[in-house]
Structures are given as structure tokens and as C-alpha cells.
Amino acid sequence: MRVPSLLSSTTPMSQKIWTVFAATVSAVFAIQAPHAVKQPIFDLDQLGRVGLGGDFSGVSLYEFTSQAQSFSNGSQSLLSQLPNGIFTSLELADSVINAMCVYVMKDGTQKGVVVGGNFTSLGGVEAKGIALYNPGDDSVTALSNFEGKVNALLCDQDTNRVYVGGQFSLNQSENAIALEGTELKVLPFEGFTGPVSTITKSNNNTILFGGSFDGLQNFSSPSVKDAQTLNIVSAQIRAEQTSDMAGFNDPNAITCTNGTEKQWLLRDGQRGSWTATFRFELFPTKLRLINANFQGRSTESFRFTAFPLGGILNLTYTDSGTGEKRHCTESCPLAAINGPQDFEFVNVVGMKSFRLDILSFRGAGGGLSSVQLFQDEIFTYAIPELNEAVCAAGSTGSNSSFSGPWTETSINPQGDADYLSAEISSANTGSSKIVFEPHIEQKGSYQVLVHTPGCLQDGTCSTRGKFVVTGTVTKDGSQFKSDPLFQTNNFDKYDIVYEGNVDPADGTFRPTITIAPDAQQTQAVVNIVAQKVQFRLVGDAKGNARNTGSSNSTSSGLNGIYEYNPHETVTTNPADSSINAAGLQLNENASVVAIAVKGDLTYVAGNFTARDNKFQHFFIINKNQGSLPNVPGGGLKDRVNTMLVVGDLIYVGGSFSGTKDGSLTGLAYVGAYDTAKQSWVTLGGGVDGVVTEIVPISLNLTSGVTEGIAVSGGFTRVRPDNNDKNAVSVDGFAVWIPSKNQWLETIGSEKISISGLLSAVVKSNNDVIYAGSIQSNTVSSSGVIYLLHDNAKINVASSSLKFTASNTNSRKRSVVTQNVTGVVTGLFYRQNNKNLTVLGGRFEAQGKDGTVRDLAFIDGASGAITGATNEFVTGSTIMALQVLDKQLFVGGSLEGTQDVRGIAIWDMDQMKLANAQPQPLSGGNVIVYDISNRPDTKDIYVTGDFKSAGSLGCSNLCVYQSDAQQWKDVAHSTTPGTIRVMRWVGKDQLIIGGNMVLNGTTTYLAIFDAKAANFIALDADVSTILGPVTDIAVDSDTSDSFFITGTTKRDGFPYMMKLKDKRFVVLQDSFQNTSEIHNIQILPLKDNSKHQSTNLLSEKYVLMVTGLLHLDVFGNASAVTYDGSSWTPLFLASTANGKPGTISAFFSEFEPSFATGRGRLARGHVILISLAIALALIFLLVACGVLAAYIRRRREGYVPAPTIASAEKSVDMQTRLPPQELFTSQGVGRGGAPAI
């Protein structure tokens, strides 16, 4: 069922109604405003470009306290939107929410939001199917005595009522009931013969019900009564005052007998009791006793007490002397005869135990020869020994059998029945099942109910999976199969999996029901439970049966639709309504799922065909006409599952691929009917799979708040037009933007990410409340995001990388310590006129020329994606990248062409695997965890888990000399163990972390001296490190201060530590044991974002931790920050299939520097200042040189030559110097004045 209006189920959508409705509701019901979160502002100037890689399709900055990263395991929530557009949970349900409406009284008083579905709890409150939510104080109120599935709600202010429809039985009303205040009341017509899917108010104030029914409810009682024998053999039997006589002292002996061959006696002269405690709840209708008869001993009177009720039950019996019916309570007589004596219960009540008190006896004492109980309710239990005992029921008694790793689980005292439970791998679901064989005596129309115990009692809520039900219940051999059903219910529930004919068992046929795990689970290992199957008789056998819907016939005057006048106190003839009459123009077994009313016209959609074949699955009723109007295109090709009215458009979704006559292209599974133009409208080219829900939604887009139409279902692509090549991959959720006449997912300028499912929406005051399971993010980006330079806030940009749909399939590799998927490592490459982001990991993405795998290059100018295609074998994972000149070194758990194993070289000039490759690594499951270039050299250091490189025995640490293109064993084959991470301190010392043995002692940190070519111990107490180190984050340029992370040696739980004053201090984190830490990094802060300095961290830095993180109280996060005293969620991410996302890698263009100082300048400023200083030094050197020359000349006696008159000068210059005078000064020291 879907609400046929954007506002509520009462009227068509109108923006005016939103406004008027909000004005009538008290403001005390407003949802509390969220509180903003202050995030650190990173100083990224010295790092250049910065990227974060992982396995996600969308990322959001944590901005508000109520913002959370949700994960759906079949459960849904009440949702609201934060100011940044992110959806946040208000209250969590343990299963599906199908409908909501705002309960407003005639005087305008709002009682709350009524929520209906198939849940057993909402907001932690036990509420089975329906509850009342108060947005003002965020409270939930359960409606007592209700249990079942609610499909439709209609809040009717005119009658102060809420009409409830679905699949349930309550107070002799079937599938429909009314809520008045907090009390559930039976409607005059007492419900319907089948489930209700939709409820709408007509324009003449009548109530329209739609569903899968053929008449008003008339309850049927079984013609074969007391047919089910309760298994007392499996009960725990206790007795008081049992006789000591051998052969008469076993109270268990009388649980499966039909005569006096075995007897239980009391001690002579004593009154006593006989008690049976069962492993299931029973509803007995008849007690059968056979009296004792031994040497005159027999019971004269008794009473029956039920537990835990503790009440003495009223019985009826036939007087053996007069043949009259009599009643008894406190004392019931038991005749002294050898045959069975039956006592019927006046009131049928549930019990887990009962006690027979023997009040008086004949002869020396009392006793009994047989105790049997019978009931009408037909249950078959998963545990075989709880079913009917063979000695009592014969060959047609209830039975069960199972295959797979099932174990018995006991319930708590208040539970329903013990059950079977199994931990099942999602890769091996086909080998486990349970087969139920019920005891059916009477042919008829039945409901088949599968009961599932709640997960709170056994603590399996986080691992519960899905199951499917198949069955053969009629002699023609036809089989039904249910949709997958989740078992995440907190409390006990049942699902109706079949409604229709059931044949009784005989010598050639037995009805069977099979429960098995669904093949598509949400986790690698799931918990599946099975308790019992119930067959509930609802009527006589009919023509046909329908899975999860009752059989229908037009003989009773209804066929899928019914009009009810709430102002009439008695049920009128259904034939008097034109609405009911319209249903009779449909072929039998019509199923109506949605009804919408606009003016004089009523629009009906579902799964049906017209008797005259003029239309199917969609038709129109005009109350002013006797005949049904023509439907454009003859309706739709296949069934409609949901319908929504927005203005003049009626949006429809279902299984159809066009109109009945095929006249319109592009009406694929979703479309709209224009009521003004009376024509069908396409939504782009539609989608490629079944649509189950259509709900209005508001989104924060670049143009502002925009209204959209959220579409959910089983589709994988949306089409912007009829060209299938332009389709965009999605995961069962898409949003149509009417103002842009396009799908949100195909609008390239919009970066919002949203996935999941929406099932309903209401507006309470000014708050819009949604129902569903939504994962939304402010940035839509696959696998990588960029941190932008910003002085005021954290700013994030998306990338052009797009994971393919197959990226989530079979991606785990057992040889990798952590189950890393998506982008694992990255770097920026800016050489040879190229500006690339290089990404490695385990992924498939859409490339410019096809699919790229595990290694991708993003062009910084065009955004084009290129990379490896088939160079590495399927299942490879790239864990490390390093660039040296034009060579990209790639390492990880990988194999490929050209004899690649563990490490490869990618030619960045030719953009392919280099012709010359390093000799492959070998030894077990080869993994390279880290690759690093030793500063100021051409040496590439490679660490990981391997035994040799080529012919060299350098295990776990080896050096590739790129100039010589050969390996070098720098550690002389003495590497102490697996190395996960390395960090250079200077150009000679390498800090390494992992799981190692040094000098016979286990260690998780060490230093490799590259110059001396040996391992040395860290100058600190490493004995307190909790386990193998997986990552290191330095906060100084020395080896005396850094952070480490890893997993504890004892249990593999994550830990964080800091080296301070030569000792390692444990950080008091809030990570749960299931967290996976993939990367840690120290980041500098802007001056306006510094925190209080602590002994663990300077006020200028924060520690960023990324991975798949589960935080106490908060929940899931993909990145958090630590300021030395407190942890704050930073980024929340999710995958395309709605699971929590993982951030695995931090990479930057430049390595950070941690030189001490009061502050740092931008690189440009540093360059200018350096240039100025260099010029000043050059000028100073020149000046000093000139001054030194001057001083030297003065010391050596140089004086300025005298000046002479020009005439004199002319004469003197003409006087020649004799040659012998030229050398008269030779040999004179430099201290004297030169002689001329």
C-alpha cells in the first residue's frame, strides 16, 4: 500500500494544505533542532593536494550531533532531515514501516504520528505492528493487544478516528479496525476476508478500502474440533505425594496412553498434584482424563490451574449419569470408570504450564491413568519432539525435519516456544532447511503464519539474516514461494506467507512448508532461526488461492474495493455503492493496492483485469457516470505496486513495461498519469526493474531546496532517455526531479549521494517525517575524495571515479590481514606534463575505454579515468604505491602478466606495465604491505610477508635498486618477521612495524639502520605494546615521538598508543572491538582552530584515524579525529548498497614536516623570502670583496696619481722611458711602494 497523496492519506496533494495543516497543529510537537558540531580546520598548505581513499559511494562531514551513519539489516526508521540535507534517524524500528499519518482531532489537537508496519518494536518500545509517535518529546506509545502487519493508515479528523488496514486478527475483526484515542475498536462490518492494502477518503466523506478480499469477514470455526493433540511427552512432569509402589510411581508414564495399562498413584490417604511444564505456549480446548483403577483406588474430584496466569479454569463436561452438560471450576468430578472422560474449557487461554490438583479420592488413594490435552490451533514446531506424539496422532500428526547446522535454543519464561537456530555462511545457504508437516483434518481456506522469535532474547540482532518460505498445500502439487523475510525483529512476530486453499492430509498427500535461508544475505555469516508454522482457518475452500493474499470471489458482492460510510451504524448492502459495483466489473481475485481521489474521479491501481478486457491494472471511476471511463492506452501491461498524487500527476510504479496497447515508449516500471491532459507521462526512460515505493522527498541541491520523487525497488539502472547506453547505475533507489524533468543521478552538477528505501512521509507541524532506510551523504564520490584548502572550514571535493555495480561482489581475499576493498592506497603524480591521481586497491571502475581494475589514474585536467584492465589477475589487491622518476612501483597481494608477483613496475611514460619487471617475490601468500624510496637514493625498500625476491633470500624486507634493476639483500636474510609499515627518520634510519622477532624476542617495532645494514632496538620500552603494529603516524622529525595502531595479540581487538618519554601510552579510545583501523595520520591545524595542548599532542596538530570504525554510543564512522583528550567523528561514509563505508588511505602531494617553531609560512612566501635572503647575501659578499681589495691596496701603498695640466700632461706623455728603466724595480718586496 502506498499513501496516494504527498500530505496524508486523506486528500490529494496541495501546497496550500501543507500550510493550513501546519498552522492547525500545536508547536509543542516540533522536532528538536539539532546541535552543530565544531570540527578542526586543517592547515594543508605544506601538504599540497590531499586525498582520502576507501570503499564508499558517498561521504559526509559530521556536522550535527544527531547525524549518524546508518546501516539497514532489514530494519527501517522514522527519519528527519538535518540542515545540511542529511537524513537522520528519529526512532528505529526492527522491521518494515509501511504507513504513517498525523492523528489530529476535530478541535485541532494533535495526538501524534500513527506508525504502522511489520515491526515488533519502535524506538526500543515493544509495539507489534502499530504505535503512536510524539515528535515533541521523541516518545513512542504502543497500542496494547495488537499484533500483526499494518499496510495502510488513514487519519480522519472528521470522525476522530484512525482507520487501520493490513493483515491481522483482533477482537473478532479481520484485517481492518479503527483507533479512537488509544483504544482499538471493531468496525461494524468486522473486517474483510483478505488483507487490506490501502485506505483513502472519498470526496463525499466515505472511507474507501482496497486490498485482496472478496467480502466482509464472517469467521469460520473448524468443523473438526480439538483435532490437535498437544505433546505432553516433551513436557517436564512434576508430581507431589507420588506413591512408593513400584510400577505406580512414575508420573511420566501417563502422558501418552489411552487405557489403564499404566497408572500413577498418590500415597495412600494423601491428596496431591500432577504438573506439566511445556517448552511452548498452548491454547487447549479440551482435557481428556482416564481415572486410576487399582485395588479400588481412583480420583473422585480435581481442579485445573493454568500458569503463568495462576487461574483455576472453568470446565464443562457431560454428566455420565444424566447425560447433561455441567460446569465446574473449584472442583470437577471424575467418574470411577476405565474409559476416557472429556472436559472442555469454557475460555481458551494461553498457558505454559498447568497443574491437576487431586482433591478427593476413592478407596485408599487417588491417581490417574492418562492425561491428554487437545486444541483447535494448528501449530507445527521446528523442534521435532515438540510436535504431536506418534502414540496419540498417528500417521497424520504434525511433524518436522531439518538439515544443516541447527541447534536448539531455549526461550525465556515469557517466550512463545523453543526454537532452532543456525549460524550459516551466506556462501552456503543451500544446504540448510526445515520442513514442516502440519496436521490438517479439514479442507478450507487458511492463512499460513510463520512465527519468528525476537532477537533480543538471544542477542543475535546484529547477525540475523533473511529466509524464504516455500510450500505445497494442495493436492494439485502447485507450490508457492514467499518474498525474502528479515528476522531482525526485536520481539516475537509472525508473517503471513500464504492465504488460500489447503487440502487435508491423507494416505497420498501431506501439506508441507519449507523454511530456508535466502540466497542473498546482507552479511558473510548470518543467524537464522525457525520456531513454528501456524495454519489458521479463515473460511471454506474457494476457487483459487494467492500467495500472501486470500482467495477472492465476486459471489459475495466485493472484489478488492469497498466503500464504508462512517456515519452509518449498520452495514449496508455492498451493492448500493457505485465504488463496490466498479469492483465487480473486474475479473475475480482482483488486488487493489492504491486508490486516489481527485474531484469526482477515483483512480484505482493494482493487479487486476477488466471483465470486458478494456483495461488492466489501472482504471477510473466517475461517480456521476454509471459506466467506467476509458483508460488511455488501456491501462498498463502489468501490475501497479504503488501510487502517489502530486498536483495533476499521479505517479505509478510497478512491474509494467508500458501501456497495455504498447502505444507509449519509455513507460518502464515507473511513470505518471496526467489527470488534466488524461494521458500517460514518462519519467525519462524509466528504470530497469520493479518499483515498489514512490514517496515525495526534499533535497538540498545546488539551486537550493528542491522537491523530488523518490523511487525505490528492485532496479539497478535509471535511464535519462530511451537510449539504454545512457543509463546510470543505481542500487534500487533513484530520485526524479520534476523541475528539471530528469533523474537526479544523471545530473552531473549535483554531488549529493542518497540510497536505500523510503516507504512513507508525513508533515507534522513544520517537520517532515519520513519512514524507511536511507543512507545520504553530502558528497557523491566513489572510492576517493579530496580535502580542499580552506581557512574557515573543512571542504571536500568529489572525484570522477565511478565504481561499477560488480565492485561489491566477491571482493574479499583471505590472505590480506584486513578485508580491505575499494581504494586502499594513492598518490599524486606530477611529472612529464602529467597531472594524475593514482589509486590502487581492489575495485572495478568505469574507465574512458572500458572497465579498469585495481589500478586507476584520474587525469587532473579532464577527469578521464584510465588504468589497468587485465594486467593483474582477478582477486588481486594493491596495497602500496611509490613513484621514482617515470616508474610507478605497485605492491600488494597481486599476480599478473610478465611474471608479476607481489610487486610490479608501471611505466608512467607509456602508461602500461614496464617491459623490465623486478624478479617476482615468493614464499606462501605473498603480500607487499609498504613500498618506500630511501631519501636521496634510487633504492626502493619493499616490506611485507614474503620469503625471497628472485634468487635472494631477503624475507619481508628487500631493496630494489632501480638503476641496476636488481634486488639487494640489505638485511642479510635476517629480517625478523612480517613488516606492515615503515617510516623514514632522516635518510638512514627506518622505523618498521609489524609482527617480528628480534634477538629471540617478539617485538612489534624496530629500527633498521640502512647505513649499517642491521636491525637495532628502538630506544624505548616496547614491551608494553599490545600487539602487532599495522600503522605509524609521526608527529616529529625524530624517532622519539609517534603514534601507533594495531591489533591486540590476545584477541585481535584494535588499539591506539603513543610513544612519549620512551614509553608507550595507551590512548583511551571509544572504538568497539569490531572496529577496523586502516590508517592514522597527524594533520596540522590552522591558527584559528588550535586546541588545548596535552602531554600527548601539541595544540597545533590532531590525529586522524580512518577505517571501518564502530564507536561507543555514536555508532559507525569512517574517520575520526583526536585532539589529545577527546575523539570526534569526522567523516561518515556509505557504500552503494547502503552499508557503512570505509576510508582506508590518506595520501598527499608532499610529506609533512614537523620542525619546531612558532608557525609556518606558505610555500610561496618561503620561496620569496629565501630568494631575498640569497640576493642579500650575494650583495654582502660583493661589498665585502670590494672593501677588502680597497684595504689591501691601501696597505700596499697605492695612492692616487697626481693630476697635471693637459698641456703638461701632453708633453710628459710624449717623453719616452728608456728600456733599461722598465725592470729597475724587480725584486722589490710587496710592502714597498712601486717605483716608476
# chains A, B, ... in the order shown; residues from 1 in each chain; ligands from 1
>>> select_by_dssp(residues="stretch 202-305 of chain A", states="strand (DSSP E or B)", output="tab-separated table (two decimals) with N, CA, C and O atoms, in the first residue's frame")
chain	number	residue	atom	x	y	z
A	207	ILE	N	-15.23	6.22	3.40
A	207	ILE	CA	-13.89	5.62	3.52
A	207	ILE	C	-13.78	4.50	2.51
A	207	ILE	O	-14.63	3.59	2.47
A	208	LEU	N	-12.72	4.56	1.68
A	208	LEU	CA	-12.51	3.56	0.64
A	208	LEU	C	-11.39	2.63	1.06
A	208	LEU	O	-10.27	3.06	1.34
A	209	PHE	N	-11.69	1.33	1.09
A	209	PHE	CA	-10.71	0.30	1.41
A	209	PHE	C	-10.37	-0.46	0.13
A	209	PHE	O	-11.26	-0.82	-0.65
A	210	GLY	N	-9.08	-0.71	-0.07
A	210	GLY	CA	-8.66	-1.52	-1.20
A	210	GLY	C	-7.74	-2.63	-0.72
A	210	GLY	O	-6.98	-2.46	0.23
A	211	GLY	N	-7.79	-3.77	-1.39
A	211	GLY	CA	-6.95	-4.89	-0.98
A	211	GLY	C	-7.23	-6.13	-1.79
A	211	GLY	O	-7.69	-6.07	-2.94
A	216	LEU	N	-16.98	-9.13	3.15
A	216	LEU	CA	-16.82	-8.76	4.55
A	216	LEU	C	-16.61	-10.03	5.36
A	216	LEU	O	-17.05	-11.12	4.99
A	228	GLN	N	-5.99	-31.17	17.28
A	228	GLN	CA	-4.55	-31.13	17.50
A	228	GLN	C	-4.23	-31.66	18.90
A	228	GLN	O	-4.67	-31.11	19.91
A	229	THR	N	-3.48	-32.73	18.95
A	229	THR	CA	-3.07	-33.32	20.22
A	229	THR	C	-1.80	-32.63	20.71
A	229	THR	O	-0.79	-32.58	19.98
A	236	GLN	N	7.99	-31.18	30.93
A	236	GLN	CA	8.62	-31.56	32.21
A	236	GLN	C	7.51	-31.87	33.21
A	236	GLN	O	6.66	-31.02	33.49
A	237	ILE	N	7.51	-33.07	33.75
A	237	ILE	CA	6.45	-33.52	34.64
A	237	ILE	C	6.95	-33.54	36.08
A	237	ILE	O	8.03	-34.06	36.38
A	238	ARG	N	6.15	-32.96	36.95
A	238	ARG	CA	6.43	-32.99	38.39
A	238	ARG	C	5.15	-33.43	39.11
A	238	ARG	O	4.05	-33.10	38.67
A	239	ALA	N	5.34	-34.17	40.19
A	239	ALA	CA	4.18	-34.63	40.97
A	239	ALA	C	4.48	-34.53	42.45
A	239	ALA	O	5.64	-34.64	42.87
A	240	GLU	N	3.46	-34.31	43.22
A	240	GLU	CA	3.59	-34.25	44.68
A	240	GLU	C	2.78	-35.39	45.30
A	240	GLU	O	1.68	-35.70	44.84
A	242	THR	N	3.67	-38.62	45.33
A	242	THR	CA	3.65	-39.82	44.50
A	242	THR	C	3.84	-41.06	45.36
A	242	THR	O	4.65	-41.08	46.30
A	264	TRP	N	-0.51	-43.89	37.53
A	264	TRP	CA	0.25	-43.11	38.52
A	264	TRP	C	-0.65	-42.93	39.73
A	264	TRP	O	-1.81	-42.49	39.59
A	265	LEU	N	-0.12	-43.27	40.90
A	265	LEU	CA	-0.92	-43.21	42.12
A	265	LEU	C	-0.29	-42.28	43.14
A	265	LEU	O	0.94	-42.07	43.18
A	266	LEU	N	-1.19	-41.75	44.00
A	266	LEU	CA	-0.75	-40.97	45.15
A	266	LEU	C	-0.48	-41.90	46.33
A	266	LEU	O	-0.91	-43.07	46.35
A	272	GLY	N	-2.74	-34.87	46.41
A	272	GLY	CA	-1.51	-34.50	45.71
A	272	GLY	C	-1.81	-33.75	44.42
A	272	GLY	O	-2.95	-33.33	44.16
A	273	SER	N	-0.78	-33.60	43.61
A	273	SER	CA	-0.93	-32.85	42.35
A	273	SER	C	-0.02	-33.42	41.28
A	273	SER	O	0.99	-34.07	41.58
A	274	TRP	N	-0.38	-33.12	40.05
A	274	TRP	CA	0.39	-33.56	38.86
A	274	TRP	C	0.54	-32.33	37.97
A	274	TRP	O	-0.44	-31.71	37.58
A	275	THR	N	1.81	-31.93	37.64
A	275	THR	CA	2.10	-30.68	36.92
A	275	THR	C	2.90	-30.97	35.66
A	275	THR	O	3.87	-31.75	35.70
A	276	ALA	N	2.52	-30.32	34.57
A	276	ALA	CA	3.25	-30.41	33.30
A	276	ALA	C	3.69	-29.01	32.87
A	276	ALA	O	2.86	-28.10	32.81
A	277	THR	N	4.99	-28.86	32.60
A	277	THR	CA	5.54	-27.58	32.13
A	277	THR	C	6.07	-27.78	30.71
A	277	THR	O	6.92	-28.66	30.46
A	278	PHE	N	5.59	-26.96	29.78
A	278	PHE	CA	5.85	-27.17	28.36
A	278	PHE	C	6.96	-26.25	27.86
A	278	PHE	O	7.26	-25.21	28.45
A	279	ARG	N	7.53	-26.62	26.71
A	279	ARG	CA	8.54	-25.81	26.04
A	279	ARG	C	7.91	-24.90	24.98
A	279	ARG	O	8.60	-24.32	24.17
A	280	PHE	N	6.60	-24.80	25.01
A	280	PHE	CA	5.88	-23.94	24.08
A	280	PHE	C	4.60	-23.49	24.74
A	280	PHE	O	4.15	-24.05	25.75
A	281	GLU	N	3.98	-22.45	24.17
A	281	GLU	CA	2.71	-21.97	24.68
A	281	GLU	C	1.58	-22.75	24.02
A	281	GLU	O	1.61	-23.00	22.81
A	282	LEU	N	0.60	-23.13	24.82
A	282	LEU	CA	-0.51	-23.92	24.31
A	282	LEU	C	-1.83	-23.23	24.59
A	282	LEU	O	-1.94	-22.40	25.51
A	286	LYS	N	-9.65	-28.81	25.11
A	286	LYS	CA	-10.25	-29.98	25.74
A	286	LYS	C	-9.21	-30.73	26.55
A	286	LYS	O	-8.06	-30.89	26.14
A	287	LEU	N	-9.65	-31.20	27.75
A	287	LEU	CA	-8.83	-32.05	28.62
A	287	LEU	C	-9.47	-33.44	28.65
A	287	LEU	O	-10.67	-33.58	28.87
A	288	ARG	N	-8.65	-34.48	28.43
A	288	ARG	CA	-9.14	-35.85	28.48
A	288	ARG	C	-8.38	-36.61	29.56
A	288	ARG	O	-7.14	-36.67	29.53
A	289	LEU	N	-9.12	-37.16	30.51
A	289	LEU	CA	-8.53	-37.91	31.62
A	289	LEU	C	-9.07	-39.33	31.63
A	289	LEU	O	-10.24	-39.57	31.28
A	290	ILE	N	-8.21	-40.27	32.03
A	290	ILE	CA	-8.64	-41.63	32.35
A	290	ILE	C	-8.27	-41.88	33.80
A	290	ILE	O	-7.11	-41.68	34.21
A	291	ASN	N	-9.25	-42.27	34.58
A	291	ASN	CA	-9.06	-42.41	36.02
A	291	ASN	C	-8.21	-43.65	36.34
A	291	ASN	O	-8.08	-44.58	35.53
A	294	PHE	N	-6.91	-49.19	40.63
A	294	PHE	CA	-6.06	-50.22	41.20
A	294	PHE	C	-6.50	-50.49	42.63
A	294	PHE	O	-6.38	-49.62	43.51
A	297	ARG	N	-8.62	-47.94	44.17
A	297	ARG	CA	-8.13	-46.55	44.21
A	297	ARG	C	-8.56	-45.82	42.93
A	297	ARG	O	-8.40	-46.32	41.83
A	298	SER	N	-9.05	-44.59	43.07
A	298	SER	CA	-9.37	-43.72	41.93
A	298	SER	C	-9.58	-42.30	42.45
A	298	SER	O	-9.81	-42.08	43.64
A	299	THR	N	-9.51	-41.36	41.54
A	299	THR	CA	-9.72	-39.95	41.88
A	299	THR	C	-11.20	-39.64	41.84
A	299	THR	O	-11.92	-40.04	40.90
A	300	GLU	N	-11.65	-38.89	42.82
A	300	GLU	CA	-13.07	-38.51	42.89
A	300	GLU	C	-13.30	-37.10	42.38
A	300	GLU	O	-14.30	-36.84	41.70
A	301	SER	N	-12.39	-36.15	42.68
A	301	SER	CA	-12.55	-34.77	42.21
A	301	SER	C	-11.17	-34.13	42.02
A	301	SER	O	-10.19	-34.53	42.65
A	302	PHE	N	-11.14	-33.13	41.13
A	302	PHE	CA	-9.87	-32.45	40.83
A	302	PHE	C	-10.18	-31.02	40.42
A	302	PHE	O	-11.33	-30.63	40.22
A	303	ARG	N	-9.14	-30.22	40.24
A	303	ARG	CA	-9.27	-28.89	39.63
A	303	ARG	C	-8.06	-28.64	38.73
A	303	ARG	O	-7.01	-29.24	38.90
A	304	PHE	N	-8.29	-27.74	37.76
A	304	PHE	CA	-7.27	-27.44	36.74
A	304	PHE	C	-6.81	-25.99	36.92
A	304	PHE	O	-7.63	-25.06	36.86
A	305	THR	N	-5.51	-25.80	37.12
A	305	THR	CA	-4.94	-24.46	37.29
A	305	THR	C	-3.92	-24.20	36.18
A	305	THR	O	-3.03	-25.03	35.95
>>> closest_atom_pairs(of="stretch 1076-1154 of chain A", to="stretch 821-827 of chain A", cutoff="12 Å", atoms="only C-alpha atoms", output="Markdown table")
| residue | atom | partner | partner_atom | distance |
| --- | --- | --- | --- | --- |
| A:His1078 | CA | A:Val824 | CA | 8.8 |
| A:Asn1079 | CA | A:Val824 | CA | 9.8 |
| A:Thr1106 | CA | A:Val824 | CA | 11.5 |
| A:Gly1107 | CA | A:Val824 | CA | 10.4 |
| A:Leu1108 | CA | A:Thr821 | CA | 11.2 |
| A:Thr1135 | CA | A:Gly822 | CA | 10.0 |
| A:Ala1136 | CA | A:Gly822 | CA | 11.9 |
| A:Gly1141 | CA | A:Gly822 | CA | 9.6 |
| A:Thr1142 | CA | A:Gly822 | CA | 8.4 |
| A:Ile1143 | CA | A:Val824 | CA | 8.2 |
| A:Ser1144 | CA | A:Val824 | CA | 5.4 |
| A:Ala1145 | CA | A:Thr825 | CA | 5.2 |
| A:Phe1146 | CA | A:Thr825 | CA | 7.4 |
| A:Phe1147 | CA | A:Leu827 | CA | 5.7 |
| A:Ser1148 | CA | A:Leu827 | CA | 6.6 |
| A:Glu1149 | CA | A:Leu827 | CA | 6.9 |
| A:Phe1150 | CA | A:Leu827 | CA | 9.7 |
| A:Glu1151 | CA | A:Leu827 | CA | 11.1 |
>>> residues_around(residues="A:Val779", least_positions_apart="6", cutoff="12 Å", atoms="only C-alpha atoms", output="NGL selection string")
:A and (56-61 or 84-86 or 700-702 or 749-754 or 785-787 or 795-800 or 1131-1134)
>>> residues_around(residues="A:Leu230", least_positions_apart="5", cutoff="6 Å", atoms="only C-alpha atoms", output="PDB file with N, CA, C and O atoms, in the first residue's frame")
ATOM      1  N   LEU A 373      -4.268 -33.459  26.314  1.00  0.00           N
ATOM      2  CA  LEU A 373      -4.808 -32.142  26.007  1.00  0.00           C
ATOM      3  C   LEU A 373      -4.942 -31.995  24.495  1.00  0.00           C
ATOM      4  O   LEU A 373      -4.105 -32.492  23.732  1.00  0.00           O
ATOM      5  N   PHE A 374      -5.992 -31.279  24.078  1.00  0.00           N
ATOM      6  CA  PHE A 374      -6.253 -31.041  22.668  1.00  0.00           C
ATOM      7  C   PHE A 374      -6.529 -29.551  22.449  1.00  0.00           C
ATOM      8  O   PHE A 374      -6.948 -28.845  23.360  1.00  0.00           O
ATOM      9  N   GLU A 388       3.174 -33.319  17.667  1.00  0.00           N
ATOM     10  CA  GLU A 388       2.289 -34.341  18.213  1.00  0.00           C
ATOM     11  C   GLU A 388       3.027 -35.672  18.385  1.00  0.00           C
ATOM     12  O   GLU A 388       3.787 -36.099  17.510  1.00  0.00           O
TER      13      GLU A 388
END
>>> closest_residue(among="A:Leu368, A:Val761, A:Ala1006, A:Ile232", to="A:Lys262", atoms="only C-alpha atoms")
A:Leu368
>>> closest_atom_pairs(of="stretch 480-582 of chain A", to="stretch 129-140 of chain A", cutoff="12 Å", atoms="only C-alpha atoms", output="Markdown table")
| residue | atom | partner | partner_atom | distance |
| --- | --- | --- | --- | --- |
| A:Asn489 | CA | A:Gly129 | CA | 11.1 |
| A:Phe491 | CA | A:Gly129 | CA | 11.2 |
| A:Asp492 | CA | A:Gly129 | CA | 11.3 |
| A:Lys493 | CA | A:Gly129 | CA | 9.2 |
| A:Tyr494 | CA | A:Gly129 | CA | 10.4 |
| A:Asp495 | CA | A:Gly129 | CA | 11.2 |
>>> closest_residue(among="A:Asn624, A:Asn527, A:Gln910, A:Ser578", to="A:Thr460", atoms="only C-alpha atoms")
A:Asn527
>>> residues_around(residues="A:Thr1002", least_positions_apart="3", cutoff="10 Å", atoms="only C-alpha atoms", output="list in words")
Pro976, Gly977, Asn995, Met996, Val997, Leu998, Asn999, Leu1005, Val1022, Ser1023, Gly1027 and Pro1028 of chain A
>>> atom_distance(atom1="atom CA of A:Asn777", atom2="atom CA of A:Leu881")
28.9 Å
>>> atom_distance(atom1="atom CA of A:Leu154", atom2="atom CA of A:Leu628")
26.0 Å
>>> select_by_dssp(residues="stretch 256-505 of chain A", states="alpha helix (DSSP H)", output="number ranges by chain")
A: 390-393
>>> closest_residue(among="A:Ser922, A:Ser243, A:Ser369, A:Ser1075", to="A:Asn956", atoms="only C-alpha atoms")
A:Ser922
>>> closest_residue(among="A:Lys947, A:Lys834, A:His1110, A:Lys128", to="A:Asp1069", atoms="only C-alpha atoms")
A:His1110
